[in-house]
Amino acid sequence: SLDLNNIQGDILSGLPKKTQYYIFFKIQDAAKFRSDLAHFIPLIKTVAQVLKDRDDIDDHKRRGQPGLIPLVGVNISISHFGFVKLGIDDSTLAPNGTEDVFVKGQKQDAITNLGDPKRADGNPDWEDAFLNEIDGLIIISGESHATIEKKKHEIEHIFGVHTHHASIQEVKSIRGDVRPGDQSGHEHFGFLDGISNPTVNGFDTNVNPGPKSVDPGKVLVGQTGDPTPTREDWAKDGSFLVFRYLFQLVPEFDKFLEEHPLKKDGNGKDLTPEKGSELLGARMVGRWKSGAPIDVSPFQDDPELADDPKRTNDFKFEGERTSQLKCPFAAHVRKTNPRDDLEPDFSIDDRRILRRGVQFGPEVTRAEHNSGKTIHDRGLLFTCYQSHIENGFQFLQQSWANTANFPPFTGIGNATGLDPLIGQGDRAMSGLDPLSPQNVLPIDTFIIPRGGEYFFSPSLKALKENIAT
Ligand code: N7H
């Protein structure tokens with residue numbers, strides 16, 4: 001069985017959050033870092049502790065008590081560059097040796113495989129901070145700004161930041177915030193997020209109907225189902241954390257929907273311009289803003305369906321390998337989890353990722369809305385966990401989202417199109433108009449990658465026995 005006291009909390013259960021700090025750091029003094037780490041480790045929240053937090057939150061709600069209980073959770077992960085600086089041999093983390101994306105780092109991968117736009121100097125068009133070496137990432141999660149701010153100071157104190165003998169230097173700190181009011185849980189385009197994540201055998205109980213559970217080794221190194229069983233013992237119960245700094249052009253997205261409303265739904269019923277724009281957006285994502293899946297409710301939103309955990313993931317695009325009537329082949333959730341478009345011919349167990357992350361940036365202002373132009377930076381601190389980056393995130397981005405003729409059995413080849421949101425390259429897709437699915441619509445850029453890195457989130461045991469001194 002899984003040792004929930006040995007696994008960092010964000011991996012299997014997600015740190016409870018209203019607000020989070022992502023602190024990207026460089027190690028300045030390796031020996032001091034390894035000894036400071038011993039003082040930092042007690043702050044780390046494990047999966048077992050998150051489960052306890054969730055019970056406390058439920059309890060608080062059940063009693064009808066006002067406000068949020070003070071909560072804070074800290075996790076840490078290290079990049080390959082960090083392990084090199086620390087003098088820790090991480091070669092078995094990278095089964096492909098120097099060709100492994102973990103060893104190369106995401107900056108290299110962005111150019112050769114992820115399709116990120118390039119600058120004239122050959123670097124990806126990222127913020128400068130992410131073009132520098134980043135050795136590690138600390139995530140602080142809490143219920144209020146005051147709570148995470150205080151924890152950030154405590155952590156800076158442990159590593160001697162702002163003194164003459166700091167063991168780390170902050171390269172960049174980004175605060176993310178869950179959106180306010182009824183948009184809580186929705187990403188900036190307005191769609192409910194975090195609905196479909198793989199359930200994990202041996203961890204999740206009471207599994208609702210939906211995609212089948214995966215073995216723990218798809219997320220955790222060294223557990224049943226890990227496709228790379230050759231890693232050293234200290235890597236066990238760790239997981240690879242993929243971070244992507246993704247900016248979203250929300251007013252531009254809204255304007256695009258407004259300018260391309262569908263005239264009729266799939267039953268031939270006339271739509272008002274607003275309903276036509278709403279349906280277009282739902283068909284790009286594969287879910288309505290409420291979260292209701294269009295494969296179940298294709299032509300009108302159904303908030304009750306969205307709220308029902310027994311039904312909201314219960315769809316497979318069954319018998320629809322050549323049909324886009326209910327859902328376009330390239331819709332974001334179909335591209336990133338194609339279900340029966342591949343299964344049972346191909347297993348997608350190795351492709352499932354556990355998505356975390358949080359929104360950053362303010363709500364859209366009236367000026368932005370009226371002009372259809374972004375003024376303030378906003379987007380998603382995209383974060384996901386898996387036991388093998390090339391099988392997980394990288395594969396989804398490169399071989400699915402960026403590939404026009406995926407899924408393979410559509411019968412229309414490249415007209416299928418890239419993922420309209422995260423696809424990198426010439427985005428154009430068919431299937432948006434349910435009555436004329438052959439029509440191909442070019443899609444503007446709404447999501448811009450501006451940085452990222454590949455990290456490893458070690459187990460508590462590894463942190464204590466192999467990394468800290
Ligand atoms: Fe996506 N969005 O608002 O459009 N995503 N995503 N994603 N995504 C999902 O089902 C979004 C991104 C996946 O099992 C939903 O939980 C945005 C990257 C996967 O059905 C919504 C960004 C990658 C799933 C969004 C973004 C993925 C998924 C529906 C960036 C991987 C689950 C909510 C700013 C390469 C699919 C839900 C399944 C769902 C959005 C990025 C992957 C609404 C805004 C980079 C695997």
# chains A, B, ... in the order shown; residues from 1 in each chain; ligands from 1
$ residues_near_ligand --ligand "ligand 1" --cutoff "8 Å" --atoms "only C-alpha atoms and all ligand atoms" --output "ChimeraX atom specification"
/A:186-198,211,244,246-248,284-287,289,291,313,332-338,352-355,379-382,393-397,401,421-422,447
$ residues_around --residues "region 156-164 of chain A" --least-positions-apart "4" --cutoff "8 Å" --atoms "only C-alpha atoms" --output "VMD selection string"
chain A and resid 33 36 to 37 39 to 40 152 168 to 169
$ write_last_selection --atoms "N, CA and C atoms" --output "PDB file, in the first residue's frame"
ATOM      1  N   PHE A  33      22.755  24.807   1.488  1.00  0.00           N
ATOM      2  CA  PHE A  33      21.387  24.437   1.114  1.00  0.00           C
ATOM      3  C   PHE A  33      21.041  23.077   1.711  1.00  0.00           C
ATOM      4  N   ASP A  36      20.476  23.597   5.386  1.00  0.00           N
ATOM      5  CA  ASP A  36      19.244  24.375   5.625  1.00  0.00           C
ATOM      6  C   ASP A  36      17.997  23.527   5.363  1.00  0.00           C
ATOM      7  N   LEU A  37      18.129  22.635   4.377  1.00  0.00           N
ATOM      8  CA  LEU A  37      16.974  21.817   3.983  1.00  0.00           C
ATOM      9  C   LEU A  37      16.429  21.014   5.168  1.00  0.00           C
ATOM     10  N   HIS A  39      16.063  21.960   8.069  1.00  0.00           N
ATOM     11  CA  HIS A  39      15.131  22.815   8.831  1.00  0.00           C
ATOM     12  C   HIS A  39      13.854  23.106   8.046  1.00  0.00           C
ATOM     13  N   PHE A  40      13.950  22.967   6.745  1.00  0.00           N
ATOM     14  CA  PHE A  40      12.794  23.245   5.878  1.00  0.00           C
ATOM     15  C   PHE A  40      11.840  22.040   5.837  1.00  0.00           C
ATOM     16  N   LYS A 152       6.226  32.492   3.500  1.00  0.00           N
ATOM     17  CA  LYS A 152       7.319  32.829   2.565  1.00  0.00           C
ATOM     18  C   LYS A 152       8.483  33.453   3.342  1.00  0.00           C
ATOM     19  N   ILE A 168      20.035  30.034  -1.129  1.00  0.00           N
ATOM     20  CA  ILE A 168      19.314  30.107  -2.409  1.00  0.00           C
ATOM     21  C   ILE A 168      19.091  31.572  -2.795  1.00  0.00           C
ATOM     22  N   GLN A 169      18.829  31.745  -4.076  1.00  0.00           N
ATOM     23  CA  GLN A 169      18.475  33.065  -4.588  1.00  0.00           C
ATOM     24  C   GLN A 169      17.172  32.886  -5.351  1.00  0.00           C
TER      25      GLN A 169
END
$ select_by_dssp --residues "region 236-348 of chain A" --states "alpha helix (DSSP H)" --output "PyMOL selection string"
chain A and resi 250-259+273-285+303-307+332-336
$ write_last_selection --atoms "N, CA and C atoms" --output "compact mmCIF listing (two decimals), in the first residue's frame"
# COMPACT_ATOMS: atom_id res chain seq x y z
N VAL A 250 -7.71 36.59 -22.65
CA VAL A 250 -9.14 36.37 -22.39
C VAL A 250 -10.05 37.30 -23.22
N PRO A 251 -9.81 38.63 -23.25
CA PRO A 251 -10.69 39.47 -24.07
C PRO A 251 -10.66 39.06 -25.54
N GLU A 252 -9.48 38.64 -26.01
CA GLU A 252 -9.34 38.21 -27.41
C GLU A 252 -10.15 36.92 -27.64
N PHE A 253 -10.10 36.02 -26.67
CA PHE A 253 -10.88 34.77 -26.77
C PHE A 253 -12.37 35.09 -26.83
N ASP A 254 -12.82 35.97 -25.92
CA ASP A 254 -14.25 36.34 -25.90
C ASP A 254 -14.67 36.97 -27.23
N LYS A 255 -13.78 37.82 -27.76
CA LYS A 255 -14.11 38.50 -29.01
C LYS A 255 -14.20 37.50 -30.17
N PHE A 256 -13.29 36.53 -30.16
CA PHE A 256 -13.30 35.50 -31.21
C PHE A 256 -14.64 34.75 -31.19
N LEU A 257 -15.08 34.37 -29.99
CA LEU A 257 -16.36 33.65 -29.89
C LEU A 257 -17.50 34.54 -30.39
N GLU A 258 -17.41 35.81 -30.02
CA GLU A 258 -18.45 36.76 -30.42
C GLU A 258 -18.50 36.91 -31.94
N GLU A 259 -17.33 36.85 -32.56
CA GLU A 259 -17.26 37.07 -34.02
C GLU A 259 -17.57 35.83 -34.85
N PRO A 273 -27.19 34.97 -31.24
CA PRO A 273 -25.73 35.16 -31.29
C PRO A 273 -25.05 34.74 -29.98
N GLU A 274 -25.66 35.07 -28.85
CA GLU A 274 -25.01 34.69 -27.57
C GLU A 274 -24.92 33.18 -27.43
N LYS A 275 -26.03 32.50 -27.72
CA LYS A 275 -26.03 31.03 -27.60
C LYS A 275 -25.07 30.41 -28.61
N GLY A 276 -24.99 31.03 -29.80
CA GLY A 276 -24.10 30.52 -30.84
C GLY A 276 -22.63 30.66 -30.44
N SER A 277 -22.29 31.75 -29.75
CA SER A 277 -20.92 31.95 -29.28
C SER A 277 -20.61 30.98 -28.13
N GLU A 278 -21.60 30.80 -27.28
CA GLU A 278 -21.44 29.90 -26.14
C GLU A 278 -21.18 28.47 -26.63
N LEU A 279 -21.95 28.05 -27.65
CA LEU A 279 -21.77 26.69 -28.18
C LEU A 279 -20.39 26.56 -28.83
N LEU A 280 -19.95 27.60 -29.55
CA LEU A 280 -18.62 27.55 -30.18
C LEU A 280 -17.54 27.33 -29.11
N GLY A 281 -17.61 28.09 -28.02
CA GLY A 281 -16.61 27.95 -26.95
C GLY A 281 -16.65 26.55 -26.35
N ALA A 282 -17.86 26.06 -26.10
CA ALA A 282 -18.00 24.72 -25.52
C ALA A 282 -17.40 23.67 -26.46
N ARG A 283 -17.55 23.87 -27.77
CA ARG A 283 -17.02 22.89 -28.72
C ARG A 283 -15.50 22.99 -28.86
N MET A 284 -14.93 24.13 -28.56
CA MET A 284 -13.47 24.22 -28.56
C MET A 284 -12.89 23.49 -27.35
N VAL A 285 -13.59 23.58 -26.22
CA VAL A 285 -13.08 22.97 -24.99
C VAL A 285 -13.53 21.51 -24.84
N PRO A 303 -26.21 22.57 -16.05
CA PRO A 303 -25.48 22.73 -14.79
C PRO A 303 -25.70 21.58 -13.80
N GLU A 304 -26.87 20.94 -13.85
CA GLU A 304 -27.09 19.81 -12.94
C GLU A 304 -26.18 18.63 -13.28
N LEU A 305 -26.00 18.43 -14.57
CA LEU A 305 -25.07 17.39 -15.03
C LEU A 305 -23.66 17.73 -14.54
N ALA A 306 -23.30 19.01 -14.67
CA ALA A 306 -21.96 19.45 -14.25
C ALA A 306 -21.74 19.20 -12.76
N ASP A 307 -22.79 19.37 -11.97
CA ASP A 307 -22.66 19.24 -10.52
C ASP A 307 -22.72 17.81 -10.02
N HIS A 332 -10.40 20.47 -26.76
CA HIS A 332 -9.29 20.31 -25.81
C HIS A 332 -9.38 19.04 -24.96
N VAL A 333 -10.55 18.72 -24.42
CA VAL A 333 -10.60 17.53 -23.54
C VAL A 333 -10.56 16.23 -24.34
N ARG A 334 -10.95 16.29 -25.63
CA ARG A 334 -10.87 15.08 -26.46
C ARG A 334 -9.44 14.85 -26.93
N LYS A 335 -8.73 15.92 -27.25
CA LYS A 335 -7.32 15.83 -27.65
C LYS A 335 -6.46 15.30 -26.51
N THR A 336 -6.74 15.80 -25.30
CA THR A 336 -5.84 15.48 -24.19
C THR A 336 -6.26 14.24 -23.41
$ residues_around --residues "region 220-236 of chain A" --least-positions-apart "3" --cutoff "8 Å" --atoms "only C-alpha atoms" --output "ChimeraX atom specification"
/A:92-93,95,215-217,239,350,386-388,458-459,461-462,466
$ residues_around --residues "Leu131 (chain A)" --least-positions-apart "2" --cutoff "10 Å" --atoms "only C-alpha atoms" --output "VMD selection string"
chain A and resid 106 to 108 123 to 129 133 to 134 450 to 453
$ closest_residue --among "A:Lys316, A:His260, A:Arg119, A:Lys17" --to "Arg175 (chain A)" --atoms "only C-alpha atoms"
A:Lys17
$ closest_residue --among "A:His376, A:Arg62, A:Arg179, A:His153" --to "Val358 (chain A)" --atoms "only C-alpha atoms"
A:Arg179
$ residues_around --residues "region 68-77 of chain A" --least-positions-apart "2" --cutoff "9 Å" --atoms "only C-alpha atoms" --output "number ranges by chain"
A: 8-10, 15-17, 41, 43-46, 50, 53, 56-57, 60-61, 65-66, 79, 135-144, 147-148, 151, 240-241, 455-458
$ write_last_selection --atoms "N, CA and C atoms" --output "JSON list (two decimals), in the first residue's frame"
[["chain", "number", "residue", "atom", "x", "y", "z"],
["A", 8, "GLN", "N", 4.80, 13.86, -1.11],
["A", 8, "GLN", "CA", 4.46, 15.28, -0.98],
["A", 8, "GLN", "C", 2.99, 15.50, -1.38],
["A", 9, "GLY", "N", 2.34, 16.40, -0.63],
["A", 9, "GLY", "CA", 0.89, 16.51, -0.66],
["A", 9, "GLY", "C", 0.27, 16.93, -1.97],
["A", 10, "ASP", "N", 0.98, 17.76, -2.75],
["A", 10, "ASP", "CA", 0.37, 18.26, -3.98],
["A", 10, "ASP", "C", 0.15, 17.14, -4.99],
["A", 15, "LEU", "N", -2.61, 20.42, -2.91],
["A", 15, "LEU", "CA", -2.61, 21.23, -1.69],
["A", 15, "LEU", "C", -3.87, 22.09, -1.70],
["A", 16, "PRO", "N", -4.65, 22.10, -0.59],
["A", 16, "PRO", "CA", -5.83, 22.97, -0.56],
["A", 16, "PRO", "C", -5.39, 24.42, -0.78],
["A", 17, "LYS", "N", -6.14, 25.14, -1.59],
["A", 17, "LYS", "CA", -5.65, 26.48, -1.93],
["A", 17, "LYS", "C", -6.77, 27.47, -2.21],
["A", 41, "ILE", "N", 12.40, 20.84, 5.88],
["A", 41, "ILE", "CA", 11.60, 19.62, 5.69],
["A", 41, "ILE", "C", 10.37, 19.54, 6.60],
["A", 43, "LEU", "N", 8.37, 21.68, 7.34],
["A", 43, "LEU", "CA", 7.28, 22.50, 6.81],
["A", 43, "LEU", "C", 6.51, 21.79, 5.70],
["A", 44, "ILE", "N", 7.10, 20.75, 5.13],
["A", 44, "ILE", "CA", 6.49, 20.10, 3.95],
["A", 44, "ILE", "C", 5.21, 19.37, 4.34],
["A", 45, "LYS", "N", 4.19, 19.60, 3.54],
["A", 45, "LYS", "CA", 2.91, 18.93, 3.80],
["A", 45, "LYS", "C", 2.83, 17.66, 2.97],
["A", 46, "THR", "N", 2.52, 16.55, 3.63],
["A", 46, "THR", "CA", 2.42, 15.25, 2.95],
["A", 46, "THR", "C", 0.97, 15.00, 2.52],
["A", 50, "VAL", "N", -2.62, 16.44, 4.02],
["A", 50, "VAL", "CA", -3.65, 17.11, 3.20],
["A", 50, "VAL", "C", -5.01, 16.45, 3.44],
["A", 53, "ASP", "N", -6.34, 17.85, 6.50],
["A", 53, "ASP", "CA", -6.82, 19.22, 6.24],
["A", 53, "ASP", "C", -8.21, 19.19, 5.60],
["A", 56, "ASP", "N", -10.79, 18.59, 8.05],
["A", 56, "ASP", "CA", -11.03, 19.78, 8.87],
["A", 56, "ASP", "C", -11.88, 20.80, 8.12],
["A", 57, "ILE", "N", -11.62, 20.95, 6.83],
["A", 57, "ILE", "CA", -12.39, 21.90, 6.02],
["A", 57, "ILE", "C", -13.85, 21.46, 5.96],
["A", 60, "HIS", "N", -15.60, 22.10, 9.24],
["A", 60, "HIS", "CA", -15.86, 23.53, 9.38],
["A", 60, "HIS", "C", -17.12, 23.92, 8.61],
["A", 61, "LYS", "N", -17.23, 23.39, 7.38],
["A", 61, "LYS", "CA", -18.40, 23.70, 6.55],
["A", 61, "LYS", "C", -19.66, 23.09, 7.15],
["A", 65, "GLN", "N", -19.70, 27.13, 10.05],
["A", 65, "GLN", "CA", -18.88, 28.22, 10.59],
["A", 65, "GLN", "C", -18.45, 29.16, 9.46],
["A", 66, "PRO", "N", -18.38, 30.45, 9.76],
["A", 66, "PRO", "CA", -18.04, 31.42, 8.71],
["A", 66, "PRO", "C", -16.54, 31.43, 8.41],
["A", 79, "SER", "N", 15.16, 20.60, -9.94],
["A", 79, "SER", "CA", 15.40, 20.30, -11.36],
["A", 79, "SER", "C", 16.68, 19.49, -11.49],
["A", 135, "ASP", "N", 16.95, 25.93, -10.35],
["A", 135, "ASP", "CA", 17.35, 24.70, -9.65],
["A", 135, "ASP", "C", 16.23, 24.06, -8.86],
["A", 136, "GLY", "N", 15.24, 24.85, -8.49],
["A", 136, "GLY", "CA", 14.17, 24.26, -7.69],
["A", 136, "GLY", "C", 12.95, 25.15, -7.63],
["A", 137, "LEU", "N", 11.90, 24.56, -7.11],
["A", 137, "LEU", "CA", 10.62, 25.26, -6.99],
["A", 137, "LEU", "C", 10.01, 24.94, -5.63],
["A", 138, "ILE", "N", 9.63, 26.00, -4.92],
["A", 138, "ILE", "CA", 8.90, 25.83, -3.67],
["A", 138, "ILE", "C", 7.48, 26.32, -3.91],
["A", 139, "ILE", "N", 6.49, 25.51, -3.58],
["A", 139, "ILE", "CA", 5.10, 25.93, -3.69],
["A", 139, "ILE", "C", 4.56, 26.14, -2.28],
["A", 140, "ILE", "N", 3.98, 27.31, -2.05],
["A", 140, "ILE", "CA", 3.32, 27.58, -0.77],
["A", 140, "ILE", "C", 1.85, 27.80, -1.07],
["A", 141, "SER", "N", 1.01, 27.09, -0.36],
["A", 141, "SER", "CA", -0.41, 27.13, -0.64],
["A", 141, "SER", "C", -1.16, 27.48, 0.63],
["A", 142, "GLY", "N", -2.17, 28.35, 0.53],
["A", 142, "GLY", "CA", -2.88, 28.70, 1.75],
["A", 142, "GLY", "C", -4.25, 29.28, 1.49],
["A", 143, "GLU", "N", -4.90, 29.70, 2.58],
["A", 143, "GLU", "CA", -6.27, 30.23, 2.46],
["A", 143, "GLU", "C", -6.27, 31.74, 2.32],
["A", 144, "SER", "N", -5.14, 32.41, 2.63],
["A", 144, "SER", "CA", -5.13, 33.87, 2.53],
["A", 144, "SER", "C", -3.74, 34.37, 2.18],
["A", 147, "THR", "N", -1.40, 34.52, 5.18],
["A", 147, "THR", "CA", -0.84, 33.22, 5.58],
["A", 147, "THR", "C", 0.35, 32.82, 4.72],
["A", 148, "ILE", "N", 0.21, 32.95, 3.40],
["A", 148, "ILE", "CA", 1.32, 32.49, 2.55],
["A", 148, "ILE", "C", 2.49, 33.48, 2.58],
["A", 151, "LYS", "N", 4.48, 32.58, 5.62],
["A", 151, "LYS", "CA", 5.25, 31.34, 5.40],
["A", 151, "LYS", "C", 6.44, 31.61, 4.48],
["A", 240, "PHE", "N", 7.51, 13.46, -11.13],
["A", 240, "PHE", "CA", 7.99, 14.58, -11.93],
["A", 240, "PHE", "C", 6.92, 15.66, -12.01],
["A", 241, "LEU", "N", 7.33, 16.88, -11.68],
["A", 241, "LEU", "CA", 6.45, 18.03, -11.74],
["A", 241, "LEU", "C", 6.79, 18.82, -13.01],
["A", 455, "PHE", "N", 10.76, 19.42, -13.11],
["A", 455, "PHE", "CA", 11.28, 19.22, -11.75],
["A", 455, "PHE", "C", 10.96, 17.80, -11.27],
["A", 456, "PHE", "N", 11.61, 17.42, -10.17],
["A", 456, "PHE", "CA", 11.29, 16.16, -9.51],
["A", 456, "PHE", "C", 10.92, 16.47, -8.06],
["A", 457, "SER", "N", 9.76, 15.97, -7.63],
["A", 457, "SER", "CA", 9.31, 16.19, -6.25],
["A", 457, "SER", "C", 9.62, 14.92, -5.46],
["A", 458, "PRO", "N", 10.72, 14.93, -4.71],
["A", 458, "PRO", "CA", 11.16, 13.70, -4.03],
["A", 458, "PRO", "C", 10.25, 13.33, -2.87]]
$ residues_around --residues "Leu441 (chain A)" --least-positions-apart "5" --cutoff "10 Å" --atoms "only C-alpha atoms" --output "list in words"
His260, Ala415, Gly417, Pro420, Arg427, Ala428, Met429, Ser430, Gly431, Leu432 and Asp433 of chain A
$ write_last_selection --atoms "C-alpha atoms" --output "mmCIF file, in the first residue's frame"
data_model
loop_
_atom_site.group_PDB
_atom_site.id
_atom_site.type_symbol
_atom_site.label_atom_id
_atom_site.label_comp_id
_atom_site.auth_asym_id
_atom_site.auth_seq_id
_atom_site.Cartn_x
_atom_site.Cartn_y
_atom_site.Cartn_z
ATOM 1 C CA HIS A 260 -17.863 33.417 -34.982
ATOM 2 C CA ALA A 415 -8.500 18.425 -41.173
ATOM 3 C CA GLY A 417 -6.687 20.031 -36.500
ATOM 4 C CA PRO A 420 -7.505 25.030 -30.489
ATOM 5 C CA ARG A 427 -4.177 26.086 -35.383
ATOM 6 C CA ALA A 428 -7.200 25.275 -37.539
ATOM 7 C CA MET A 429 -9.831 22.686 -36.770
ATOM 8 C CA SER A 430 -12.917 21.082 -38.209
ATOM 9 C CA GLY A 431 -16.008 19.970 -36.345
ATOM 10 C CA LEU A 432 -16.922 23.246 -34.699
ATOM 11 C CA ASP A 433 -20.144 23.507 -36.705
#
$ closest_residue --among "A:Ser436, A:Asn113, A:Asn96, A:Thr19" --to "Ser399 (chain A)" --atoms "only C-alpha atoms"
A:Asn113
$ select_by_dssp --residues "region 243-389 of chain A" --states "strand (DSSP E or B)" --output "compact mmCIF listing (two decimals) with C-alpha atoms, in the first residue's frame"
# COMPACT_ATOMS: atom_id res chain seq x y z
CA PHE A 243 5.54 23.56 -14.79
CA ARG A 244 4.32 25.79 -17.63
CA TYR A 245 3.84 29.55 -17.34
CA LEU A 246 0.84 30.01 -19.64
CA PHE A 247 -0.59 33.43 -20.41
CA GLN A 248 -4.20 33.62 -21.56
CA LYS A 264 -27.73 26.56 -35.60
CA ASP A 270 -31.66 28.49 -34.67
CA ARG A 287 -17.21 21.12 -21.92
CA PRO A 293 -19.42 17.54 -20.94
CA LEU A 354 -2.48 14.68 -12.59
CA ARG A 355 -3.15 18.37 -13.18
CA VAL A 358 -3.65 27.85 -10.18
CA GLN A 359 -4.71 31.02 -12.01
CA PHE A 360 -2.60 34.17 -11.92
CA GLY A 379 -3.23 32.96 -17.16
CA LEU A 380 -2.51 29.60 -15.61
CA LEU A 381 0.43 28.34 -13.56
CA PHE A 382 -0.01 24.96 -15.23
CA THR A 383 1.39 22.15 -13.11
CA CYS A 384 1.10 18.41 -13.59
CA TYR A 385 2.55 15.26 -12.09
CA GLN A 386 3.55 11.98 -13.74
$ closest_residue --among "A:Glu170, A:Ser323, A:Ile11, A:Asn391" --to "Ser347 (chain A)" --atoms "only C-alpha atoms"
A:Asn391
$ decode --residues "region 317-341 of chain A" --atoms "C-alpha atoms" --output "PDB file, in the first residue's frame"
ATOM      1  CA  PHE A 317     -16.802   9.381 -27.190  1.00  0.00           C
ATOM      2  CA  GLU A 318     -18.146   5.863 -27.598  1.00  0.00           C
ATOM      3  CA  GLY A 319     -18.865   4.834 -31.185  1.00  0.00           C
ATOM      4  CA  GLU A 320     -17.799   8.311 -32.328  1.00  0.00           C
ATOM      5  CA  ARG A 321     -14.416   7.645 -33.885  1.00  0.00           C
ATOM      6  CA  THR A 322     -15.557   9.207 -37.165  1.00  0.00           C
ATOM      7  CA  SER A 323     -18.195  11.575 -35.796  1.00  0.00           C
ATOM      8  CA  GLN A 324     -17.865  15.111 -34.531  1.00  0.00           C
ATOM      9  CA  LEU A 325     -21.596  15.679 -34.158  1.00  0.00           C
ATOM     10  CA  LYS A 326     -21.445  15.862 -30.369  1.00  0.00           C
ATOM     11  CA  CYS A 327     -17.806  16.848 -29.871  1.00  0.00           C
ATOM     12  CA  PRO A 328     -15.077  17.972 -32.312  1.00  0.00           C
ATOM     13  CA  PHE A 329     -12.097  15.613 -32.538  1.00  0.00           C
ATOM     14  CA  ALA A 330      -9.772  18.507 -31.652  1.00  0.00           C
ATOM     15  CA  ALA A 331     -11.770  19.805 -28.664  1.00  0.00           C
ATOM     16  CA  HIS A 332      -9.291  20.310 -25.810  1.00  0.00           C
ATOM     17  CA  VAL A 333     -10.600  17.531 -23.543  1.00  0.00           C
ATOM     18  CA  ARG A 334     -10.874  15.075 -26.461  1.00  0.00           C
ATOM     19  CA  LYS A 335      -7.322  15.826 -27.648  1.00  0.00           C
ATOM     20  CA  THR A 336      -5.839  15.483 -24.186  1.00  0.00           C
ATOM     21  CA  ASN A 337      -7.856  12.423 -23.156  1.00  0.00           C
ATOM     22  CA  PRO A 338      -9.219  10.746 -26.286  1.00  0.00           C
ATOM     23  CA  ARG A 339     -10.810   7.815 -24.455  1.00  0.00           C
ATOM     24  CA  ASP A 340     -12.477   5.459 -27.011  1.00  0.00           C
ATOM     25  CA  ASP A 341     -10.886   7.328 -29.916  1.00  0.00           C
TER      26      ASP A 341
END
